[in-house]
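Novice: my_file_34.cif (mmCIF, C-alpha atoms) pasted underneath:
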data_query
loop_
_atom_site.label_atom_id
_atom_site.label_comp_id
_atom_site.auth_asym_id
_atom_site.auth_seq_id
_atom_site.Cartn_x
_atom_site.Cartn_y
_atom_site.Cartn_z
CA MET G 1 128.48 283.44 88.27
CA GLU G 2 131.62 281.95 86.71
CA ILE G 3 133.59 282.42 89.95
CA LYS G 4 130.89 280.66 92.01
CA PHE G 5 130.78 277.82 89.49
CA LYS G 6 134.54 277.35 89.70
CA LEU G 7 134.38 277.33 93.50
CA HIS G 8 131.70 274.63 93.42
CA ILE G 9 133.83 272.52 91.05
CA ARG G 10 136.87 272.89 93.30
CA PHE G 11 134.84 271.84 96.34
CA ILE G 12 133.54 268.74 94.56
CA ILE G 13 137.03 267.78 93.41
CA LEU G 14 138.39 268.21 96.94
CA PHE G 15 135.62 266.06 98.39
CA VAL G 16 136.24 263.27 95.85
CA VAL G 17 139.97 263.35 96.55
CA LEU G 18 139.39 263.05 100.29
CA MET G 19 137.15 260.04 99.74
CA ILE G 20 139.45 258.11 97.41
CA ILE G 21 142.96 258.83 98.69
CA PRO G 22 143.97 256.06 101.15
CA GLY G 23 144.19 257.28 104.71
CA THR G 24 141.91 260.27 104.18
CA SER G 25 138.26 260.73 105.04
CA ALA G 26 135.61 263.40 105.00
CA PHE G 27 134.93 262.51 108.67
CA ALA G 28 137.05 263.58 111.62
CA LYS G 29 136.48 260.28 113.48
CA THR G 30 136.35 256.62 112.43
CA VAL G 31 134.39 253.82 114.12
CA GLY G 32 135.34 250.22 113.41
CA VAL G 33 132.76 247.45 113.68
CA LEU G 34 133.58 243.76 114.08
CA MET G 35 130.62 241.45 113.57
CA THR G 36 130.52 237.80 112.57
CA ALA G 37 129.05 237.25 109.12
CA ASP G 38 125.64 235.60 108.62
CA ILE G 39 124.48 236.13 112.21
CA GLN G 40 121.07 237.80 112.00
CA TYR G 41 121.10 238.93 115.63
CA TYR G 42 124.34 240.88 115.14
CA ARG G 43 122.97 242.46 111.98
CA ASP G 44 119.92 243.59 113.95
CA ILE G 45 122.11 245.14 116.67
CA HIS G 46 124.22 246.87 114.04
CA LYS G 47 121.16 248.34 112.35
CA ALA G 48 119.90 249.68 115.67
CA PHE G 49 123.35 251.14 116.35
CA ILE G 50 123.51 252.91 112.98
CA ASP G 51 119.93 254.19 113.31
CA SER G 52 120.77 255.71 116.69
CA PHE G 53 124.32 256.86 115.91
CA GLY G 54 123.60 258.76 112.72
CA LYS G 55 126.40 259.98 110.45
CA ASP G 56 128.75 261.69 112.88
CA ALA G 57 131.72 259.48 111.95
CA GLU G 58 132.93 257.13 109.27
CA VAL G 59 131.92 253.53 110.04
CA VAL G 60 134.17 250.72 108.78
CA VAL G 61 132.65 247.23 109.08
CA GLN G 62 134.48 243.90 109.10
CA LYS G 63 132.42 240.68 108.78
CA PRO G 64 134.75 237.72 109.36
CA MET G 65 133.72 234.10 109.15
CA PRO G 66 133.23 232.34 112.53
CA ASP G 67 136.75 231.06 113.15
CA SER G 68 139.71 232.34 115.18
CA MET G 69 141.92 233.21 112.21
CA SER G 70 139.18 235.25 110.52
CA TRP G 71 138.37 237.11 113.74
CA THR G 72 142.06 237.87 114.26
CA ASN G 73 142.62 239.10 110.70
CA ALA G 74 139.55 241.33 110.85
CA ALA G 75 140.62 242.75 114.22
CA ARG G 76 144.08 243.53 112.86
CA LYS G 77 142.61 245.31 109.85
CA LEU G 78 140.64 247.62 112.12
CA THR G 79 143.51 248.29 114.49
CA GLY G 80 145.84 248.76 111.53
CA ILE G 81 143.86 251.62 109.98
CA GLY G 82 143.83 253.47 113.28
CA VAL G 83 140.13 253.66 114.11
CA ASP G 84 139.14 255.80 117.09
CA VAL G 85 136.86 253.19 118.67
CA ILE G 86 135.76 249.64 117.80
CA VAL G 87 132.28 248.20 118.24
CA SER G 88 132.28 244.42 118.64
CA HIS G 89 129.33 242.04 118.46
CA GLY G 90 129.56 238.80 120.42
CA ALA G 91 132.12 237.30 122.79
CA PRO G 92 134.53 235.76 120.23
CA ALA G 93 134.98 239.06 118.38
CA THR G 94 135.38 240.99 121.63
CA LEU G 95 137.88 238.59 123.19
CA THR G 96 139.91 238.64 119.96
CA LEU G 97 140.04 242.44 120.00
CA LEU G 98 141.14 242.47 123.64
CA LYS G 99 144.13 240.35 122.61
CA GLU G 100 144.97 242.59 119.66
CA THR G 101 144.80 246.02 121.29
CA SER G 102 144.99 247.54 124.75
CA ASP G 103 144.81 251.12 123.48
CA ILE G 104 141.83 251.45 121.14
CA PRO G 105 138.52 251.72 123.06
CA ILE G 106 136.20 248.73 122.57
CA ILE G 107 132.43 248.90 123.03
CA PHE G 108 130.73 245.49 122.94
CA GLY G 109 127.20 244.17 122.68
CA GLY G 110 125.58 240.78 122.22
CA VAL G 111 127.79 239.23 124.91
CA TYR G 112 126.53 236.64 127.39
CA ASP G 113 127.91 237.18 130.92
CA PRO G 114 130.84 239.53 130.14
CA ASP G 115 131.77 239.71 133.84
CA SER G 116 132.67 236.02 133.90
CA MET G 117 135.03 236.58 130.97
CA SER G 118 136.66 239.67 132.55
CA MET G 119 135.88 241.81 129.52
CA THR G 120 135.61 245.20 131.16
CA GLY G 121 138.69 247.13 132.13
CA LYS G 122 141.11 249.67 130.79
CA ASN G 123 139.89 249.83 127.18
CA ALA G 124 136.57 247.96 127.05
CA THR G 125 132.99 248.29 128.21
CA GLY G 126 129.55 247.62 126.76
CA ILE G 127 126.18 246.05 127.39
CA SER G 128 125.44 242.51 128.53
CA SER G 129 123.01 240.29 126.63
CA THR G 130 122.59 237.67 129.36
CA VAL G 131 119.24 235.86 129.35
CA SER G 132 117.74 233.46 131.90
CA VAL G 133 118.64 229.94 130.81
CA GLU G 134 116.19 228.53 133.34
CA LYS G 135 113.25 230.40 131.80
CA VAL G 136 114.17 229.16 128.33
CA LEU G 137 114.36 225.56 129.54
CA LYS G 138 110.99 225.82 131.29
CA ALA G 139 109.35 227.26 128.17
CA LEU G 140 110.85 224.45 126.10
CA SER G 141 109.66 221.76 128.56
CA GLU G 142 106.12 223.13 128.44
CA ILE G 143 106.08 222.44 124.73
CA SER G 144 107.54 218.97 125.05
CA LYS G 145 108.91 217.22 128.13
CA PHE G 146 112.50 216.13 127.48
CA SER G 147 114.84 213.74 129.27
CA LYS G 148 117.81 214.26 126.94
CA LEU G 149 118.67 217.79 125.87
CA GLY G 150 121.07 218.36 123.00
CA ILE G 151 123.24 221.43 123.57
CA ILE G 152 124.87 222.92 120.49
CA PHE G 153 127.98 224.91 121.46
CA SER G 154 131.62 225.47 120.52
CA LYS G 155 134.66 224.49 122.57
CA SER G 156 136.50 227.48 121.09
CA GLU G 157 133.88 230.04 122.19
CA LYS G 158 134.14 230.81 125.89
CA ASP G 159 130.65 232.25 126.24
CA THR G 160 129.04 229.07 124.92
CA ILE G 161 130.97 227.03 127.50
CA LEU G 162 129.50 229.29 130.19
CA GLN G 163 126.04 228.63 128.78
CA VAL G 164 126.63 224.87 128.88
CA ARG G 165 127.54 225.27 132.55
CA ASP G 166 124.38 227.27 133.26
CA ILE G 167 122.18 224.76 131.41
CA LYS G 168 123.66 221.80 133.27
CA LYS G 169 122.86 223.48 136.60
CA ASN G 170 119.19 222.76 135.84
CA GLU G 171 119.57 219.04 135.15
CA GLY G 172 118.64 217.86 138.66
CA SER G 173 115.67 220.15 139.24
CA MET G 174 114.22 219.58 135.77
CA GLY G 175 115.14 215.92 135.38
CA PHE G 176 117.09 215.85 132.15
CA GLU G 177 120.51 214.78 130.90
CA SER G 178 122.66 217.09 128.76
CA VAL G 179 124.08 215.75 125.51
CA LEU G 180 126.82 217.99 124.11
CA PHE G 181 127.26 218.68 120.38
CA SER G 182 130.39 220.74 119.79
CA VAL G 183 130.60 222.39 116.36
CA THR G 184 133.65 223.99 114.79
CA ASP G 185 133.57 225.05 111.15
CA LYS G 186 130.19 223.56 110.22
CA VAL G 187 127.10 221.79 111.54
CA ASN G 188 126.80 218.11 110.68
CA LYS G 189 123.06 217.44 110.50
CA ASP G 190 123.56 213.67 110.55
CA GLU G 191 125.19 213.82 113.99
CA LEU G 192 122.31 215.72 115.59
CA LYS G 193 120.17 212.90 116.93
CA GLY G 194 119.35 210.82 119.99
CA VAL G 195 117.79 213.62 122.08
CA ASN G 196 114.29 214.88 122.91
CA ALA G 197 115.06 218.57 122.31
CA PHE G 198 117.84 220.92 121.19
CA ILE G 199 119.06 224.22 122.58
CA VAL G 200 121.41 226.39 120.55
CA THR G 201 123.83 228.54 122.51
CA THR G 202 125.18 231.82 121.11
CA CYS G 203 127.68 229.69 119.17
CA ALA G 204 128.57 231.57 115.97
CA VAL G 205 128.77 228.43 113.80
CA GLY G 206 125.49 227.14 115.22
CA MET G 207 123.57 230.38 114.70
CA GLY G 208 125.16 230.85 111.29
CA ASN G 209 123.82 227.42 110.28
CA VAL G 210 120.59 227.47 112.23
CA LYS G 211 118.55 226.22 109.27
CA ASP G 212 120.52 222.96 109.31
CA ILE G 213 119.84 222.56 113.02
CA VAL G 214 116.12 223.14 112.52
CA GLU G 215 116.09 220.63 109.66
CA ALA G 216 117.72 218.00 111.88
CA ALA G 217 115.27 218.74 114.72
CA ARG G 218 112.30 218.37 112.40
CA ARG G 219 113.69 215.09 111.15
CA GLU G 220 113.89 213.88 114.75
CA LYS G 221 110.50 215.49 115.52
CA VAL G 222 111.84 217.40 118.53
CA PRO G 223 111.54 221.10 119.55
CA THR G 224 114.33 223.67 119.50
CA ALA G 225 115.36 226.66 121.59
CA ALA G 226 118.01 229.37 121.19
CA LEU G 227 119.74 231.86 123.48
CA MET G 228 120.13 234.39 120.67
CA GLY G 229 117.61 236.06 118.39
CA GLY G 230 117.33 235.56 114.64
CA GLY G 231 116.66 231.84 114.57
CA GLU G 232 112.92 232.23 115.06
CA ASN G 233 112.59 233.15 111.37
CA SER G 234 114.27 229.88 110.44
CA GLY G 235 112.06 227.68 112.62
CA ILE G 236 113.50 227.82 116.16
CA VAL G 237 110.51 227.22 118.46
CA VAL G 238 111.65 229.05 121.63
CA THR G 239 113.92 232.09 121.42
CA ALA G 240 115.12 234.31 124.24
CA SER G 241 117.39 237.24 123.52
CA ALA G 242 118.29 240.68 124.73
CA SER G 243 116.54 243.29 122.63
CA PRO G 244 118.77 244.18 119.66
CA GLU G 245 117.24 247.65 119.63
CA GLU G 246 118.29 248.21 123.26
CA GLN G 247 121.74 246.77 122.54
CA GLY G 248 122.32 249.00 119.51
CA ALA G 249 121.06 252.16 121.20
CA ALA G 250 123.26 251.55 124.26
CA ILE G 251 126.31 250.95 122.06
CA SER G 252 125.60 254.17 120.16
CA GLU G 253 125.39 256.16 123.39
CA MET G 254 128.70 254.74 124.63
CA VAL G 255 130.50 255.33 121.33
CA LYS G 256 129.39 258.95 121.32
CA LYS G 257 130.82 259.35 124.82
CA ILE G 258 134.13 257.83 123.73
CA LEU G 259 134.35 260.10 120.70
CA GLY G 260 133.58 262.99 123.02
CA GLY G 261 136.65 262.23 125.11
CA ALA G 262 135.45 259.72 127.72
CA LYS G 263 137.42 256.57 128.57
CA PRO G 264 135.88 253.07 128.64
CA SER G 265 136.84 252.76 132.32
CA GLU G 266 134.58 255.75 133.01
CA ILE G 267 131.56 254.06 131.38
CA PRO G 268 130.08 251.25 133.53
CA LEU G 269 128.98 247.95 132.02
CA LYS G 270 125.27 248.13 131.28
CA GLN G 271 122.93 245.26 132.09
CA THR G 272 120.24 244.56 129.53
CA LYS G 273 116.70 245.32 130.69
CA LYS G 274 114.64 244.13 127.73
CA ILE G 275 114.50 240.39 127.13
CA GLU G 276 112.38 239.17 124.21
CA MET G 277 110.83 235.69 124.46
CA ILE G 278 109.43 234.38 121.18
CA ILE G 279 107.55 231.07 120.97
CA LYS G 280 106.55 229.67 117.60
CA GLN G 281 104.68 226.38 117.20
#
What would the structure in this file look like if it were written as structure tokens?
Specialist:
Amino acid sequence: MEIKFKLHIRFIILFVVLMIIPGTSAFAKTVGVLMTADIQYYRDIHKAFIDSFGKDAEVVVQKPMPDSMSWTNAARKLTGIGVDVIVSHGAPATLTLLKETSDIPIIFGGVYDPDSMSMTGKNATGISSTVSVEKVLKALSEISKFSKLGIIFSKSEKDTILQVRDIKKNEGSMGFESVLFSVTDKVNKDELKGVNAFIVTTCAVGMGNVKDIVEAARREKVPTAALMGGGENSGIVVTASASPEEQGAAISEMVKKILGGAKPSEIPLKQTKKIEMIIKQ
């Protein structure tokens, strides 16, 4: 009995040492996660990923603020500790990682039109979250006909520029003029005016401050739409987004393949199949 007790004590001590000594872990593999803070949609994808992935590896999460320096610092922290694979949520985080490493496998989700940004290649693959901009605009126009559409985007986020392009393609057929509102580190509610409706791109600053956008829209008495989920709980009227559950499950499947020895170049980019349209009035 005494020998067994001593063995149990030694095992517990060894486990604690492995957990607290820098550079050691009770897991054989480590998965890094880079997700922008305060973005509900990314949190939903991450939850779905964890629920599907289980506890087969240590998961280290970085939640930088939505600016280039924060994304870069967070990416360098993950590459610096030598993770085996990195999961990235959103285009800014993914593009930052692609600049920081060409060796560590990257699996991305929550990215609008990754093909146009040349994201796939030697060390990256994932699942697209592209939604139909045209369908969102039509749903918004059925609620309230608009002649001036305010587009909230960021000049520093490539995916939001692509979305501006796709929105503007519908100007002639739908009879509206686009009014651009570029945001950087914050949303200025006082500047959001002079339009008949707003659409929020996947802009990290915009979605991180979606309550301010909704407040400005209500002040102007105009409807809102978003190309990313999460804002519907804050008052966005029309939301279209790729299912976070599908995104997270697909990421989990790909990460497991990478940890099993596969290379990102062997895993084709997956196109989202489940688009959720939420209309709240």
Novice: Counting all atoms listed in the file, write as a ChimeraX atom specification all protein and nucleic acid residues lying at most 7 Å from (102.6, 226.4, 122.0) in the file's frame.
Specialist: /G:143,279-281
Novice: Could you expand the PyMOL selection byres ((chain G and resi 202) around 6) into the explicit residues it covers here, written as a short mmCIF file (atom, residue, chain, number, x, y, z; two decimals) with C-alpha atoms, in the frame of the given file?
Specialist:
data_model
loop_
_atom_site.label_atom_id
_atom_site.label_comp_id
_atom_site.auth_asym_id
_atom_site.auth_seq_id
_atom_site.Cartn_x
_atom_site.Cartn_y
_atom_site.Cartn_z
CA THR G 201 123.83 228.54 122.51
CA CYS G 203 127.68 229.69 119.17
CA LEU G 227 119.74 231.86 123.48
CA MET G 228 120.13 234.39 120.67
#
Novice: Return the single residue from G:Asp67, G:Glu191, G:Glu134, G:Asp44 that is closest to Glu220 (chain G), with distances computed using only C-alpha atoms.
Specialist: G:Glu191
Novice: To verify the selection step, state as a list of chain:residue names which residues the PyMOL selection byres ((chain G and resi 168) around 12) yields on this input.
Specialist: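 Taken over the shown coordinates, the PyMOL selection byres ((chain G and resi 168) around 12) returns G:Val133, G:Glu134, G:Leu137, G:Lys148, G:Leu149, G:Gly150, G:Ile151, G:Ile161, G:Leu162, G:Gln163, G:Val164, G:Arg165, G:Asp166, G:Ile167, G:Lys169, G:Asn170, G:Glu171, G:Gly172, G:Ser173, G:Met174, G:Gly175, G:Phe176, G:Glu177, G:Ser178, G:Val179, G:Leu180, G:Ile199.
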Novice: Residues picked by the PyMOL selection byres ((chain G and resi 60) around 12) here, as a ChimeraX atom specification?
Specialist: /G:25,27,29-35,46,50,57-59,61-63,74-75,77-79,81-88
Novice: In Å, rounded to a single decimal, give me how far CA of Pro223 (chain G) is from CA of Pro66 (chain G).
Specialist: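 Calculated distance between CA of Pro66 (chain G) and CA of Pro223 (chain G) is 25.4 Å.
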Novice: Set the distance at 8 Å and use all atoms listed in the file: which residues neighbour Ala225 (chain G) once local chain neighbours fewer than 2 positions away are removed? I'd like the list as a VMD selection string.
Specialist: chain G and resid 136 140 198 to 200 223 227 236 to 239
Novice: How many Å separate CA of Ser128 (chain G) from CA of Gln40 (chain G)?
Specialist: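 It comes out at 17.7 Å.
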